Each structure stands twice: as C-alpha cells, then as structure tokens.
Amino acid sequence: MPRWVAGVHACTRGWTVAFRDLDAPHVVRVRVEATLEAVLDAPERPSVVAVDMPIGLPERAGRGGRTADQLARDLLGQRRGTVFPTSVRSVVYAETYTAAIALSRSPATQPFAPSPPAYAIFPRIREIDRLLRSRPDLIGRVVEAHPEMAFWAMNGDAPVLEPKTTIAGLRTRRRLLQEAGIPSSVVNHMPPRGAAKDDLPDALASLVVAEHVAHERARSLPDPPETDEHGIPMAIWTPGPRSAGLAAATAIPSPPPRVSRDDIRAAHARIAPHVRRTPVWQLPARSFGHDGPVSLKLEMLQHAGSFKPRGAFNTLLSQPIPRTGIAAASGGNHGAAVAYAARRLGLKARIFVPEISSPAKIAVIRAHGADIVIGGARYADAQEACDRYVVETGALRVHPFDAETTMAGQGTVALEWEADDPHLDTALVAVGGGGLIAGMAAWWAGRVKVVGVEPQGSRALHAAFQAGAPVDVEVNSVAADSLGARNVGERVFAVCRDSVDRVALVSDEAIVAAQRALWRDWRIAAEPGGAAALAALLSGAYRPRAGERVGVLLCGANVDLAKLAEIAA
C-alpha cells in the first residue's frame, strides 16, 4: 500500500494540502480541504501531517512566546518577524480581540499582546487544538512546521532574506523546493482553486518537513520537544541539516524498493480475476538457431495487447481512487492498459500520449473509452502534461514503471511462467522503463538469470548500469513507442542493479527481422518492442551456452498491420 505524508498551509477556503507517496515520490497531489480533520481522514490517510500553524499551547509564556518560537526567531534573524510569539491557551480561546488584549500583558500569563495578524490565525490554532485534544491518537501524527524555518534548513541553515511575495523570493523558494526533491512540475504549477500564489510553496515546504519526520531525519526546536498540559508537543520541526557549501540538491532519500516475492504473490491474487493467464510454448532444440530448448511466454495475448494491465490493475486495486479519477502518460501500451483497467473498474481515465505513438495504440486507448490527449514530440512531453493535470485535479497518476505496485504487478509474469516452466535457466526480457524486468527479476532473483534487451537507440537501463545510477539517454529507435523511456528511475534501477544479470543491445534491423520471423513462421503479430527479446537470440546479441534452457518473453502485440505487411513482404 502507498505510504502518504502531507504538508498543510492555511488558505482562505481552508487548508492547502500537498500529499506525497513515500514509495513513489513523483506522485504528489495538491488540493484544498475545508478542515484539518478532512486532511487526516482523506483517502490517502497520511502517516505524518506537517502543519504551518502553532501546535501545543502553553499556560504561561515569556516575551518571545514558547521556547520553539524564541529559538526560531533567533535563527531567522532579519526574518524573525515571520514567526509570531504563540499566545497562551486562555488568550487563544478569548472570544474577542479586546478580551485577548485584556488577558495579555500580564507577567503571570504572557507579557505581550497578540498582534492583529497573530490574532487572525487564532481560529486555526483552536481548530488544531480541539482536534488533538478530542483525538489524542493524532498526537505525534500531526507536527508543527513553519515555512520560513523549512526554507532556512533547505538553504543550508541560513534564512531566505527576500520576502516570499517578491519575484526573487518566490524564485529562491521554488529552487530550494526542487533541490529538496519536489518535482518541478509541482513547484511551478498554479495553486489549486481556493489557494493564493504563495500558499502552494508554503504547503510544499511543510511537505518536505513531513517527509523528513517520516524518514526520522527532521530536527525539532527545542530538542527534545516541550509539551503542554494536554501532552501535545510544542516544537517546530525542520528538515535535517545539509552539508555546508552544497551547491547541488540534497534530495530526500526514498526507502529502498520493497518488491518481494510475497508482494508479487499478493499482486497475483489481487489481479487474477482481471487478467489473462497467458500461455507458454515449449519449443524443441534447434528452435531459433539454439541447440537447447526455448520457452516462449506469449504475454502479447494479454488484455490490451501487452503485459501492462498487470501493473495497472495492481496499482488501482491497492489504494483509494480520487473522485477526479486516474491519469497516465504513455507511449501507447501503458495507456491502453490503464484505459482497459479503468473501464473494467468503472473509473474515469485520461491518457497523455506523444505524437510518436502509433495509430494502432491510440485506437486501442480510444476503444477502451478513456479521454486521450495527444501532444509533444516525445514521451517526456506527455509525462509533463500528465503531471500538470495531476497537480491541477488531484487525479491518481498511474506510473508505467517506477513504482512498487507497478513492478509487483508486472512480476506476476514470472510467477506464472515459473509455474508453467520451472526449469528455465535464462529469461530474455525487453526493457523500456524497466518495470517489467524489475518485477520479474525480483521474483527470480538468484534462481533464474534475467537478461535485459534494449534497442541500441534506446538504452536507459544499459546506460544506468554503466553510470552506476539512472541517467537520461537519447531515444531513437523503431521500438521507441514502447521501449522509449529516457530514464529507468531510481526504484527500477535499485532492483535491477541487484537482480538483472546484464543488458544485451540489439539493432533496429534485428528487431524488424524478429518481427518478420514471428509472422512468417508462427503467424504471431508482434510490435517492435514485443519482438526485441527474440531479436537478442536471433542476432547473437545474447549467446546461450550449449543446452541452456532459454525463455523469451513476447510482450506486445499492438502493431500497425500495414507496417507489418511491409516488413513481411
């Protein structure tokens, strides 16, 4: 299940909220909720909620408010005025501003009067205080943040001197958020309806705090926190420290991928009613020029013409779905799978595809009833448009590869294949974004050699292995509409680094030759990406040892039949 955290900032219509999935940090949802309780009870059920509002009210306070307020004001220097001294509980609960003033300026309670801006937020402070006192189980789950202190920490323990309402100040804060790992598409997006321009950066700053708290990397002022008479902590939390002099981002580390065989078994049980158990052909020795047996997994017979529905169904059946539905960016096959799954589950879906997507795949998406948006020359362009839509609407983004639910769903291919052919030595698997090979390698880790196959002109996993980390690559291949990811992503790479034997590169000519052979000899209509794994065996890009039992995954059938006719001629 996804693990969510949330950053919250007050706005005119309630609370601006930024939710993020710790297991898939690219998934950020931004919206306005009417109450803080609605945030905590939202479908995401965030485990940590960082709120830009004082939490915990003292019975007595010094001139600077609580200890947390005094420490924050000292650290902010010129920007100390952005942190109001927090009034004591009796003042916060005063019925009028006049009554609050009357209760103030007393050495026995507090030696200062709340300013009009401070008094204006008293209703919000009371909302939080009443909620935590009525639901003590929320204490510890709801923590206090302050955007200027969050930016102070993100800025190397130095205040951002430009006010957030200036162009320079907003630009600096957006840069710091991106350096902290918030996607640029979210940072630079318009705020949700009901929020002002500067509300979104403040909510995202609180989100960074929530992530650090969840990862146990946050700092509290004071340390340890003080508590009020109801046991509510009184501390301002900030992101953990950065190394002095860092010029580049210090991104919040995500937990390592947790794709286990148990995850894949659970995914299989979850999706079994919705996907096909595709057949395995056992071919004798000398098939495809190899002197040993060859096992073909005919996953191109899956619903929507590729393996992709497995990951799509597992994602959609593993978490709550927003009222605004789901969204996906795709070269074609992932979009078709999400559209198919959405129709089966009665969900609204919008699919973003680039202009390079084949007409055959676009037709499949439309046939399954999804809204389709075509635009941009590359997959990355479609992904950017999808991200903007997700931020604007709060729709659930179904990632095509770099998410644990996707990888676990795709790993069910290996689970079924092993049940039908338990004696495989090696499996050849085409690689685009890598969710398929990651899931299959997680299932077979240490038991079956898993070899990735990529086009020479689209080698994201191969380049990641060479660089020791995911890197962007140029994409130019006949199989770009299905194997055209520019970057495999951190989660995919972490699994593949430990469980994939190597990556074989094949030419476009070898891929076309494999398509031709499949049609000529077996009457199998495979798209370029679906034939890539066989191309490695036919071309010699992968040379099995004598007698090796080789498995070849045929993973996609969404081919333009007119082009196939040209190839076969």
# chains A, B, ... in the order shown; residues from 1 in each chain; ligands from 1
call {"tool": "closest_atom_pairs", "arguments": {"of": "segment 512-532 of chain A", "to": "segment 549-562 of chain A", "cutoff": "8 Å", "atoms": "only C-alpha atoms", "output": "Markdown table"}}
result
| residue | atom | partner | partner_atom | distance |
| --- | --- | --- | --- | --- |
| A:Ala525 | CA | A:Ala557 | CA | 6.0 |
| A:Ala526 | CA | A:Ala557 | CA | 4.4 |
| A:Glu527 | CA | A:Val559 | CA | 4.4 |
| A:Pro528 | CA | A:Val559 | CA | 7.6 |
| A:Gly529 | CA | A:Gly556 | CA | 6.6 |
| A:Gly530 | CA | A:Gly556 | CA | 4.1 |
| A:Ala531 | CA | A:Leu554 | CA | 6.0 |
call {"tool": "write_last_selection", "arguments": {"atoms": "N, CA and C atoms", "output": "compact mmCIF listing (two decimals), in the first residue's frame"}}
result
# COMPACT_ATOMS: atom_id res chain seq x y z
N ALA A 525 1.75 -11.71 -34.65
CA ALA A 525 1.91 -10.30 -34.99
C ALA A 525 2.44 -9.57 -33.76
N ALA A 526 3.71 -9.25 -33.77
CA ALA A 526 4.34 -8.59 -32.63
C ALA A 526 4.78 -7.18 -33.00
N GLU A 527 4.60 -6.26 -32.09
CA GLU A 527 5.14 -4.92 -32.30
C GLU A 527 6.66 -4.96 -32.11
N PRO A 528 7.38 -3.90 -32.49
CA PRO A 528 8.84 -3.93 -32.36
C PRO A 528 9.31 -4.24 -30.94
N GLY A 529 8.74 -3.54 -29.94
CA GLY A 529 9.15 -3.80 -28.56
C GLY A 529 8.84 -5.22 -28.14
N GLY A 530 7.72 -5.76 -28.62
CA GLY A 530 7.34 -7.13 -28.26
C GLY A 530 8.26 -8.18 -28.85
N ALA A 531 8.96 -7.85 -29.94
CA ALA A 531 9.85 -8.80 -30.60
C ALA A 531 11.31 -8.61 -30.19
call {"tool": "residues_around", "arguments": {"residues": "Ser458 of chain A", "least_positions_apart": "5", "cutoff": "7 Å", "atoms": "only C-alpha atoms", "output": "ChimeraX atom specification"}}
result
/A:474-477,483-484
call {"tool": "write_last_selection", "arguments": {"atoms": "C-alpha atoms", "output": "tab-separated table (two decimals), in the first residue's frame"}}
result
chain	number	residue	atom	x	y	z
A	474	GLU	CA	18.55	10.00	-26.18
A	475	VAL	CA	15.85	7.86	-27.77
A	476	ASN	CA	15.87	6.96	-31.46
A	477	SER	CA	14.59	3.50	-32.29
A	483	LEU	CA	10.83	0.93	-25.28
A	484	GLY	CA	11.46	4.67	-25.37
call {"tool": "atom_distance", "arguments": {"atom1": "atom CA of Gly409 of chain A", "atom2": "atom CA of Val506 of chain A"}}
result
26.5 Å
call {"tool": "residues_around", "arguments": {"residues": "Gln78 of chain A", "least_positions_apart": "4", "cutoff": "9 Å", "atoms": "only C-alpha atoms", "output": "list of chain:residue names"}}
result
A:Arg73, A:Pro159, A:Leu161
call {"tool": "write_last_selection", "arguments": {"atoms": "N, CA and C atoms", "output": "short mmCIF file (atom, residue, chain, number, x, y, z; two decimals), in the first residue's frame"}}
result
data_model
loop_
_atom_site.label_atom_id
_atom_site.label_comp_id
_atom_site.auth_asym_id
_atom_site.auth_seq_id
_atom_site.Cartn_x
_atom_site.Cartn_y
_atom_site.Cartn_z
N ARG A 73 12.86 32.44 16.05
CA ARG A 73 13.07 33.86 15.79
C ARG A 73 14.55 34.22 15.85
N PRO A 159 18.69 31.98 6.66
CA PRO A 159 17.37 32.48 6.26
C PRO A 159 17.36 32.95 4.81
N LEU A 161 16.36 35.76 2.72
CA LEU A 161 16.10 37.15 3.11
C LEU A 161 15.02 37.81 2.27
#
call {"tool": "select_by_dssp", "arguments": {"residues": "segment 21-210 of chain A", "states": "helix (DSSP H, G or I)", "output": "ChimeraX atom specification"}}
result
/A:36-40,67-82,89-92,97-103,116-120,122-134,136-138,147-154,167-179,184-187,199-210
call {"tool": "residues_around", "arguments": {"residues": "segment 204-206 of chain A", "least_positions_apart": "6", "cutoff": "6 Å", "atoms": "only C-alpha atoms", "output": "list in words"}}
result
Gly7, Ala50, Ala145, Pro147 and Ala150 of chain A
